[in-house]
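Working notes for the structure below.
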Amino acid sequence: RVDFRVDESGRPWILEANCNPCLNPDAGFAAAALQSGLNYAGMIERIISEAHIRGPQGASVKEDLNIETKITGKEKASFQDIRLRYEATPQDAEAIRRLTESTGFFYPYEVDVAEELVLERLSKGDASGYYFIFAEQGGRVIGYTSYGPIACTASSFDFYWIAVNPDFQGKGLGKMLVDETERLIRAARGERIYVETSQRPLYDGTRAFYERCGYTAESILKDFYGPGDGKVTYRKVLI
């Protein structure tokens, strides 16, 4: 991008040339990319890939670039073929039902609720208070989150749901979805995020995951969900 001004005679004067304008995660170019379903890592990879294609060697980005490792430092699966989507479709209700059932973590009535939130979003839009991020690979939903503002609070949000297909668990997709959810909450001027989960041993890994993501256990309500199944509420303050 070249910044210039035109003088009174109509002659343009170049002020400066910007090689990589607006590449910060919270800047306009990244926001525009998100509207097309391309997350920040995918946007950077696309830029580098185009440069390789146009370069003299024509090197393949797949041969010498692992976007997940280069950007985040994680030596895990590359997500270059995963697309993030932010608007629910009628097909998502059944997709979320299948996804949540596949994890083996949720009671049948919880699966019903997960599906109902999608239907609520489809029928009421933003007025529902439910927002979604869907991670897709080859047109298949392999992970998602749901979040929304907490009524009667100034800047607090609920992190309602996160689920990842078992084939992609432990590979960084969950963390990627959490990071993107937090980014959108920050953009909505959210300052605190609350997430509730079970105290059952089955959820030991889930609670450890939230703690690795910077969430702190704020309260425990014993036997909330049932005998021996308490509710743990985590909080994260966004800075």
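Numbering starts fresh at 1 for the residues of each chain in the structure tokens, the chains themselves are lettered A, B, ... in the order given, and ligands are numbered from 1 as they appear.
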Checklist entry - Any idea what's packed within 12 Å of A:Val113, counting only C-alpha atoms, ignoring anything in its chain fewer than 5 positions away? Could you give it as a PyMOL selection string? => result chain A and resi 93+96-97+100-101+106-108+118-120+146+160-161
Checklist entry - Where does DSSP see alpha helix (DSSP H) in stretch 85-180 of chain A, if you list the residues as a count of residues only? => result 37
Checklist entry - From the list A:Ile150, A:Leu221, A:Ile142, A:Ile133, which residue is nearest A:Gln199 when using only C-alpha atoms? => result A:Leu221
Next on the checklist: Using only C-alpha atoms, can you tell me which of A:Thr233, A:Glu136, A:Asp223, A:Thr206 comes closest to A:Gly170?
Outcome noted: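 With only C-alpha atoms as the atom set, the closest residue is A:Thr206.
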Item to check | Polymer residues at most 8 Å from A:Leu173, only C-alpha atoms, same-chain spacing of 3 or more positions, as an MDAnalysis selection string | outcome: chainID A and resid 79 143 164 168:170 176:177
